[in-house]
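K.L.:
Please find query.pdb (PDB, C-alpha atoms) on the next line:
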ATOM      1  CA  MET S   1      12.380 -20.325  12.327  1.00  0.00           C
ATOM      2  CA  ARG S   2      11.121 -16.981  11.120  1.00  0.00           C
ATOM      3  CA  ARG S   3      11.844 -15.823   7.604  1.00  0.00           C
ATOM      4  CA  PRO S   4      13.112 -12.256   7.183  1.00  0.00           C
ATOM      5  CA  LEU S   5      10.571  -9.690   6.032  1.00  0.00           C
ATOM      6  CA  ALA S   6      10.356  -9.116   2.287  1.00  0.00           C
ATOM      7  CA  THR S   7      11.685  -5.821   0.955  1.00  0.00           C
ATOM      8  CA  VAL S   8      10.484  -3.824  -2.052  1.00  0.00           C
ATOM      9  CA  PRO S   9      13.229  -5.327  -4.270  1.00  0.00           C
ATOM     10  CA  ASP S  10      12.260  -8.824  -3.028  1.00  0.00           C
ATOM     11  CA  LEU S  11       8.613  -8.235  -3.951  1.00  0.00           C
ATOM     12  CA  ALA S  12       9.503  -6.718  -7.329  1.00  0.00           C
ATOM     13  CA  GLU S  13      11.636  -9.744  -8.200  1.00  0.00           C
ATOM     14  CA  HIS S  14       9.045 -12.212  -6.898  1.00  0.00           C
ATOM     15  CA  TYR S  15       6.245 -10.729  -9.034  1.00  0.00           C
ATOM     16  CA  GLY S  16       8.338  -9.614 -12.020  1.00  0.00           C
ATOM     17  CA  VAL S  17       7.313  -5.963 -11.728  1.00  0.00           C
ATOM     18  CA  SER S  18       9.190  -2.741 -11.065  1.00  0.00           C
ATOM     19  CA  GLN S  19       9.888  -1.451  -7.583  1.00  0.00           C
ATOM     20  CA  ASN S  20       7.688   1.555  -8.393  1.00  0.00           C
ATOM     21  CA  THR S  21       4.775  -0.816  -9.052  1.00  0.00           C
ATOM     22  CA  VAL S  22       5.275  -2.464  -5.661  1.00  0.00           C
ATOM     23  CA  ARG S  23       5.314   0.960  -3.995  1.00  0.00           C
ATOM     24  CA  ALA S  24       2.127   1.927  -5.852  1.00  0.00           C
ATOM     25  CA  TRP S  25       0.409  -1.207  -4.505  1.00  0.00           C
ATOM     26  CA  SER S  26       1.162  -0.031  -0.977  1.00  0.00           C
ATOM     27  CA  TYR S  27      -0.709   3.238  -1.566  1.00  0.00           C
ATOM     28  CA  THR S  28      -3.909   1.542  -2.732  1.00  0.00           C
ATOM     29  CA  LYS S  29      -5.351  -0.400   0.170  1.00  0.00           C
ATOM     30  CA  THR S  30      -7.800  -2.246  -2.090  1.00  0.00           C
ATOM     31  CA  GLY S  31      -5.333  -2.722  -4.943  1.00  0.00           C
ATOM     32  CA  PRO S  32      -3.347  -5.775  -5.981  1.00  0.00           C
ATOM     33  CA  GLY S  33      -0.491  -7.273  -4.069  1.00  0.00           C
ATOM     34  CA  PRO S  34       0.023  -8.782  -0.626  1.00  0.00           C
ATOM     35  CA  LEU S  35      -0.451  -6.952   2.659  1.00  0.00           C
ATOM     36  CA  MET S  36       2.423  -4.503   3.163  1.00  0.00           C
ATOM     37  CA  PHE S  37       3.345  -2.267   6.073  1.00  0.00           C
ATOM     38  CA  ARG S  38       5.976   0.232   7.114  1.00  0.00           C
ATOM     39  CA  VAL S  39       8.847  -0.495   9.470  1.00  0.00           C
ATOM     40  CA  GLY S  40      10.104   3.016  10.103  1.00  0.00           C
ATOM     41  CA  LYS S  41      10.502   4.457   6.622  1.00  0.00           C
ATOM     42  CA  PHE S  42      10.858   1.048   4.974  1.00  0.00           C
ATOM     43  CA  LEU S  43       8.071  -0.885   3.244  1.00  0.00           C
ATOM     44  CA  ARG S  44       7.940  -4.576   4.189  1.00  0.00           C
ATOM     45  CA  ALA S  45       5.746  -7.660   3.796  1.00  0.00           C
ATOM     46  CA  ARG S  46       5.608 -10.999   5.590  1.00  0.00           C
ATOM     47  CA  TRP S  47       6.388 -14.012   3.400  1.00  0.00           C
ATOM     48  CA  ASP S  48       3.365 -15.805   4.909  1.00  0.00           C
ATOM     49  CA  ASP S  49       1.136 -12.975   3.618  1.00  0.00           C
ATOM     50  CA  ILE S  50       2.826 -13.180   0.216  1.00  0.00           C
ATOM     51  CA  ASP S  51       2.264 -16.950   0.072  1.00  0.00           C
ATOM     52  CA  ARG S  52      -1.396 -16.475   1.074  1.00  0.00           C
ATOM     53  CA  TYR S  53      -1.914 -13.791  -1.572  1.00  0.00           C
ATOM     54  CA  ASP S  54      -0.289 -15.988  -4.238  1.00  0.00           C
ATOM     55  CA  ALA S  55      -2.520 -18.923  -3.274  1.00  0.00           C
ATOM     56  CA  GLU S  56      -5.630 -16.735  -3.535  1.00  0.00           C
ATOM     57  CA  GLN S  57      -4.581 -15.653  -7.035  1.00  0.00           C
ATOM     58  CA  VAL S  58      -4.446 -19.248  -8.297  1.00  0.00           C
ATOM     59  CA  GLY S  59      -7.880 -20.181  -7.056  1.00  0.00           C
ATOM     60  CA  GLY S  60      -7.174 -20.933  -3.446  1.00  0.00           C
ATOM     61  CA  GLN S  61      -4.621 -23.677  -4.008  1.00  0.00           C
ATOM     62  CA  ARG S  62      -2.039 -23.926  -1.263  1.00  0.00           C
ATOM     63  CA  ALA S  63       1.196 -22.108  -2.068  1.00  0.00           C
ATOM     64  CA  ALA S  64       4.385 -24.170  -2.165  1.00  0.00           C
TER
END
Output the structure of this file as structure tokens.

P.N.:
Amino acid sequence: MRRPLATVPDLAEHYGVSQNTVRAWSYTKTGPGPLMFRVGKFLRARWDDIDRYDAEQVGGQRAA
């Protein structure tokens, strides 16, 4: 079953940062944060991409 796409508030809560920080990540293609994309006017991310990014940040260990 597919998980719903993550929203800006979801990402902010997941990483413990402000929603403005998450939006700033989306403007810097080489900056921190998982891959994000627009669905219409809304910024979204796939949870699989978030899990992959998190795993990379802890030295390549598989995310739970």

K.L.:
Neighbouring residues of Asn20 in chain S were defined as those with any atom within 9 Å, considering all atoms listed in the file; residues of the same chain fewer than 5 positions away were excluded. Please report them as a list in words.

P.N.:
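Those residues are Val8, Ala12 and Trp25 of chain S.
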
K.L.:
Can you tell me which residues surround Arg46 in chain S at a distance of at most 10 Å, considering all atoms listed in the file, apart from same-chain residues fewer than 4 positions away, and format the answer as a list in words?

P.N.:
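Using all atoms listed in the file, the neighbours found are Arg2, Arg3, Pro4, Leu5, Ala6, Thr7, Pro34, Leu35, Met36, Phe37, Ile50, Asp51 and Arg52 of chain S.
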
K.L.:
Between CA of Arg23 in chain S and CA of Lys41 in chain S, what is the distance in Å, rounded to a tenth?

P.N.:
12.3 Å

K.L.:
Please check which residues have atoms at most 9 Å from (1.2, -8.0, -10.1) in the file's coordinates, counting all atoms listed in the file, and write them as JSON, numbers by chain.

P.N.:
{"S": [12, 15, 16, 17, 21, 22, 25, 32, 33]}

K.L.:
Just give me the gap between CA of Asp10 in chain S and CA of Gly59 in chain S in Å, one decimal is fine.

P.N.:
23.5 Å

K.L.:
As JSON, what would the box around range 13-26 of chain S look like: edges along x, y and z, 6 Å added on every side, centre and edge lengths in Å to one decimal?

P.N.:
{"center_x": 6.0, "center_y": -5.1, "center_z": -6.5, "size_x": 23.2, "size_y": 26.1, "size_z": 23.0}

K.L.:
If I take CA of Glu56 in chain S and CA of Gly40 in chain S, how far is one from the other in Å, to one decimal?

P.N.:
28.7 Å

K.L.:
Which residue out of S:Val39, S:Thr28, S:Arg44, S:Tyr53 has the minimum interatomic distance to Pro9 in chain S when only C-alpha atoms are used?

P.N.:
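Distance minimum relative to Pro9 in chain S lands on S:Arg44.
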
K.L.:
Can I get range 20-35 of chain S with N, CA, C and O atoms filled in, as an mmCIF file, in the frame of the given file?

P.N.:
data_model
loop_
_atom_site.group_PDB
_atom_site.id
_atom_site.type_symbol
_atom_site.label_atom_id
_atom_site.label_comp_id
_atom_site.auth_asym_id
_atom_site.auth_seq_id
_atom_site.Cartn_x
_atom_site.Cartn_y
_atom_site.Cartn_z
ATOM 1 N N ASN S 20 8.711 0.501 -8.446
ATOM 2 C CA ASN S 20 7.688 1.555 -8.393
ATOM 3 C C ASN S 20 6.288 0.958 -8.363
ATOM 4 O O ASN S 20 5.407 1.485 -7.704
ATOM 5 N N THR S 21 6.075 -0.143 -9.074
ATOM 6 C CA THR S 21 4.775 -0.816 -9.052
ATOM 7 C C THR S 21 4.479 -1.344 -7.654
ATOM 8 O O THR S 21 3.367 -1.175 -7.147
ATOM 9 N N VAL S 22 5.464 -1.957 -7.025
ATOM 10 C CA VAL S 22 5.275 -2.464 -5.661
ATOM 11 C C VAL S 22 4.916 -1.311 -4.720
ATOM 12 O O VAL S 22 3.999 -1.429 -3.903
ATOM 13 N N ARG S 23 5.619 -0.192 -4.852
ATOM 14 C CA ARG S 23 5.314 0.960 -3.995
ATOM 15 C C ARG S 23 3.903 1.476 -4.252
ATOM 16 O O ARG S 23 3.198 1.859 -3.321
ATOM 17 N N ALA S 24 3.483 1.473 -5.517
ATOM 18 C CA ALA S 24 2.127 1.927 -5.852
ATOM 19 C C ALA S 24 1.081 1.027 -5.205
ATOM 20 O O ALA S 24 0.045 1.505 -4.746
ATOM 21 N N TRP S 25 1.347 -0.293 -5.161
ATOM 22 C CA TRP S 25 0.409 -1.207 -4.505
ATOM 23 C C TRP S 25 0.212 -0.815 -3.048
ATOM 24 O O TRP S 25 -0.878 -0.952 -2.513
ATOM 25 N N SER S 26 1.260 -0.346 -2.401
ATOM 26 C CA SER S 26 1.162 -0.031 -0.977
ATOM 27 C C SER S 26 0.276 1.184 -0.729
ATOM 28 O O SER S 26 -0.253 1.346 0.370
ATOM 29 N N TYR S 27 0.106 2.030 -1.735
ATOM 30 C CA TYR S 27 -0.709 3.238 -1.566
ATOM 31 C C TYR S 27 -2.186 2.981 -1.813
ATOM 32 O O TYR S 27 -3.018 3.778 -1.427
ATOM 33 N N THR S 28 -2.508 1.876 -2.462
ATOM 34 C CA THR S 28 -3.909 1.542 -2.732
ATOM 35 C C THR S 28 -4.300 0.356 -1.858
ATOM 36 O O THR S 28 -3.932 -0.774 -2.123
ATOM 37 N N LYS S 29 -5.017 0.636 -0.803
ATOM 38 C CA LYS S 29 -5.351 -0.400 0.170
ATOM 39 C C LYS S 29 -6.213 -1.515 -0.424
ATOM 40 O O LYS S 29 -6.205 -2.625 0.058
ATOM 41 N N THR S 30 -6.964 -1.224 -1.471
ATOM 42 C CA THR S 30 -7.800 -2.246 -2.090
ATOM 43 C C THR S 30 -7.190 -2.764 -3.390
ATOM 44 O O THR S 30 -7.812 -3.537 -4.090
ATOM 45 N N GLY S 31 -5.980 -2.334 -3.699
ATOM 46 C CA GLY S 31 -5.333 -2.722 -4.943
ATOM 47 C C GLY S 31 -4.696 -4.096 -4.872
ATOM 48 O O GLY S 31 -4.821 -4.818 -3.890
ATOM 49 N N PRO S 32 -3.976 -4.454 -5.931
ATOM 50 C CA PRO S 32 -3.347 -5.775 -5.981
ATOM 51 C C PRO S 32 -2.155 -5.857 -5.038
ATOM 52 O O PRO S 32 -1.678 -4.847 -4.521
ATOM 53 N N GLY S 33 -1.688 -7.055 -4.865
ATOM 54 C CA GLY S 33 -0.491 -7.273 -4.069
ATOM 55 C C GLY S 33 -0.797 -7.720 -2.651
ATOM 56 O O GLY S 33 -1.915 -7.563 -2.162
ATOM 57 N N PRO S 34 0.196 -8.301 -1.995
ATOM 58 C CA PRO S 34 0.023 -8.782 -0.626
ATOM 59 C C PRO S 34 -0.033 -7.621 0.367
ATOM 60 O O PRO S 34 0.296 -6.482 0.027
ATOM 61 N N LEU S 35 -0.432 -7.935 1.586
ATOM 62 C CA LEU S 35 -0.451 -6.952 2.659
ATOM 63 C C LEU S 35 0.968 -6.446 2.904
ATOM 64 O O LEU S 35 1.889 -7.238 3.054
#
